[in-house]
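Novice: Please find one structure pasted underneath; my questions will follow.
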Amino acid sequence: MKILGLLFLTSLFLNNTSNQRKFYLVNADSKVHFIIKNFGIKANGYFTGIKGDIEFYPANLASSFFNITIDANTIDTDNETRDIHLRASEYFNTNSFPNIKFVSTKLFLSSILGKYYMYGNITIKGITKPIEFTFDALQKNGGYIFNGEFKINRIDFGVGTSSTFLSDKLTVSLSVFAK
């Protein structure tokens with residue numbers, strides 16, 4: 001009887017912990033922020049409209065997975081005229097490519113305490129490129145806040161290729177809450 005009780009408790013524990021590891025993004029508490037130089041001056045903005053699934057197993061990172069989609073129409077630079085311009089075909093072409101997508105390919109523990117390392121593929125305007133970056137995962141309200149930062153070259157994705165005033169490289173910062 002004791003063995004049966006122990007098996008039941010073990011099964012209950014394993015089922016509860018495995019269910020707690022699949023998370024859904026909470027769009028209202030998530031942002032993708034970017035900084036780019038325009039005419040040599042830092043300009044910034046962010047995207048909301050974040051959706052996706054996250055399976056995060058800190059003790060088994062090989063089984064972890066991030067599949068994130070961002071609505072490119074949600075771009076906000078605090079200037080509606082510029083935002084409309086950025087949605088046009090020369091930049092994000094949101095009529096033809098309404099989403100930016102990220103899918104992880106590999107996660108592992110970083111050598112920096114409390115940090116993880118992620119490899120993945122980002123797709124902008126139908127062009128997919130590999131990226132890699134460090135992130136942290138902070139437990140909060142029954143979920144996690146994932147924070148990370150990476151740099152990309154906008155020219156690699158055909159974003160604003162004729163603009164000579166924008167820096168080619170930009171920094172993207174993530175703050176994604178999943179519960």
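Convention: chains lettered A, B, ... in structure tokens order; per-chain residue numbering from 1; ligands numbered from 1 as shown.
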Show me, as CSV, the residues of region 6-118 of chain A having an atom within 9 Å of region 150-171 of chain A, each with the closest atom pair and its distance in Å, using only C-alpha atoms.
Specialist:
```
residue,atom,partner,partner_atom,distance
A:His33,CA,A:Thr171,CA,8.3
A:Phe34,CA,A:Thr171,CA,5.5
A:Ile35,CA,A:Thr171,CA,5.3
A:Ile36,CA,A:Leu170,CA,4.7
A:Lys37,CA,A:Ser167,CA,5.2
A:Asn38,CA,A:Leu166,CA,4.5
A:Phe39,CA,A:Phe165,CA,5.0
A:Gly40,CA,A:Phe165,CA,7.7
A:Leu86,CA,A:Gly160,CA,8.3
A:Ser89,CA,A:Val159,CA,8.7
A:Glu90,CA,A:Gly160,CA,5.3
A:Tyr91,CA,A:Val159,CA,4.4
A:Phe92,CA,A:Val159,CA,6.0
A:Asn93,CA,A:Val159,CA,8.6
```
Novice: Those residues with C-alpha atoms, as a compact mmCIF listing (two decimals), in the first residue's frame please?
Specialist:
```txt
# COMPACT_ATOMS: atom_id res chain seq x y z
CA HIS A 33 12.07 46.95 -28.21
CA PHE A 34 14.57 48.13 -30.83
CA ILE A 35 17.18 50.87 -31.09
CA ILE A 36 18.72 52.07 -34.37
CA LYS A 37 20.66 55.16 -35.36
CA ASN A 38 18.86 57.48 -37.75
CA PHE A 39 20.94 60.44 -39.01
CA GLY A 40 23.46 59.43 -36.31
CA LEU A 86 7.88 51.66 -41.70
CA SER A 89 6.91 47.91 -48.79
CA GLU A 90 10.40 49.46 -48.55
CA TYR A 91 10.62 48.61 -44.88
CA PHE A 92 8.51 45.86 -43.25
CA ASN A 93 5.95 45.49 -46.07
```
Novice: Could you produce a table of the residues of region 68-168 of chain A lying within 10 Å of region 41-63 of chain A, with the nearest pair of atoms per residue and their separation in Å rounded to one decimal, using only C-alpha atoms, ordered by chain and increasing residue number, as CSV?
Specialist:
```
residue,atom,partner,partner_atom,distance
A:Ile68,CA,A:Gly52,CA,4.4
A:Thr69,CA,A:Lys51,CA,5.2
A:Ile70,CA,A:Ile50,CA,4.5
A:Asp71,CA,A:Gly49,CA,4.9
A:Ala72,CA,A:Phe47,CA,7.0
A:Asn73,CA,A:Phe47,CA,8.1
A:Thr74,CA,A:Phe47,CA,5.3
A:Ile75,CA,A:Phe47,CA,4.7
A:Asp76,CA,A:Gly45,CA,5.4
A:Thr77,CA,A:Gly45,CA,4.1
A:Asp78,CA,A:Gly45,CA,7.1
A:Asn79,CA,A:Gly45,CA,9.4
A:Asp83,CA,A:Gly45,CA,9.3
A:Asn99,CA,A:Gly49,CA,9.4
A:Ile100,CA,A:Ile50,CA,9.4
A:Lys101,CA,A:Gly52,CA,9.5
A:Phe102,CA,A:Gly52,CA,9.4
A:Val103,CA,A:Gly52,CA,9.7
A:Ser104,CA,A:Ile54,CA,9.7
A:Thr105,CA,A:Ala62,CA,9.4
A:Lys106,CA,A:Ala62,CA,6.8
A:Leu107,CA,A:Leu61,CA,5.6
A:Phe108,CA,A:Leu61,CA,5.8
A:Leu109,CA,A:Leu61,CA,7.8
A:Tyr116,CA,A:Pro58,CA,9.1
A:Tyr117,CA,A:Leu61,CA,9.9
A:Met118,CA,A:Leu61,CA,9.9
A:Ala137,CA,A:Pro58,CA,9.0
A:Tyr144,CA,A:Phe56,CA,9.2
A:Phe165,CA,A:Ile41,CA,9.9
A:Leu166,CA,A:Ile41,CA,9.3
A:Ser167,CA,A:Lys42,CA,9.5
```
Novice: Would you return as a ChimeraX atom specification the members of region 13-67 of chain A that DSSP assigns to helix (DSSP H, G or I) on this structure's backbone?
Specialist: /A:13-19,27-29,61-63
Novice: For the selection just defined, write its residues with N, CA and C atoms to a file, as a compact mmCIF listing (two decimals), in the first residue's frame.
Specialist:
```txt
# COMPACT_ATOMS: atom_id res chain seq x y z
N PHE A 13 3.11 14.53 -8.81
CA PHE A 13 4.18 15.53 -8.86
C PHE A 13 4.68 15.72 -10.29
N LEU A 14 4.95 14.61 -10.98
CA LEU A 14 5.46 14.70 -12.35
C LEU A 14 4.44 15.34 -13.28
N ASN A 15 3.17 15.02 -13.14
CA ASN A 15 2.15 15.63 -13.97
C ASN A 15 2.03 17.12 -13.71
N ASN A 16 2.09 17.54 -12.45
CA ASN A 16 1.98 18.96 -12.13
C ASN A 16 3.18 19.74 -12.64
N THR A 17 4.38 19.22 -12.51
CA THR A 17 5.55 19.96 -12.95
C THR A 17 5.62 20.00 -14.46
N SER A 18 5.21 18.94 -15.16
CA SER A 18 5.28 18.98 -16.61
C SER A 18 4.25 19.96 -17.17
N ASN A 19 3.07 20.06 -16.54
CA ASN A 19 2.07 21.02 -17.00
C ASN A 19 2.51 22.45 -16.78
N ASN A 27 0.57 38.86 -24.02
CA ASN A 27 0.91 39.98 -24.89
C ASN A 27 0.96 41.31 -24.14
N ALA A 28 0.01 41.55 -23.25
CA ALA A 28 -0.06 42.84 -22.56
C ALA A 28 1.18 43.12 -21.72
N ASP A 29 1.88 42.08 -21.30
CA ASP A 29 3.06 42.24 -20.46
C ASP A 29 4.37 41.96 -21.21
N LEU A 61 17.10 21.53 -20.96
CA LEU A 61 17.03 22.56 -22.01
C LEU A 61 16.91 21.97 -23.41
N ALA A 62 17.36 20.74 -23.61
CA ALA A 62 17.25 20.11 -24.93
C ALA A 62 15.78 19.91 -25.32
N SER A 63 14.89 19.85 -24.35
CA SER A 63 13.46 19.70 -24.62
C SER A 63 12.72 21.04 -24.66
```
Novice: For CA of Phe23 (chain A) and CA of Phe66 (chain A), determine how far apart the two atoms are, in Å to one decimal place.
Specialist: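 Computed distance, CA of Phe23 (chain A) to CA of Phe66 (chain A), equals 9.6 Å.
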Novice: List the neighbours of Ile145 (chain A) out to 7 Å using only C-alpha atoms; skip same-chain residues closer than 6 positions along the sequence, and give me the result as a VMD selection string.
Specialist: chain A and resid 137 to 139 175 to 178
Novice: In Å, rounded to a single decimal, give me how far CA of Ile131 (chain A) is from CA of Lys22 (chain A).
Specialist: 23.1 Å
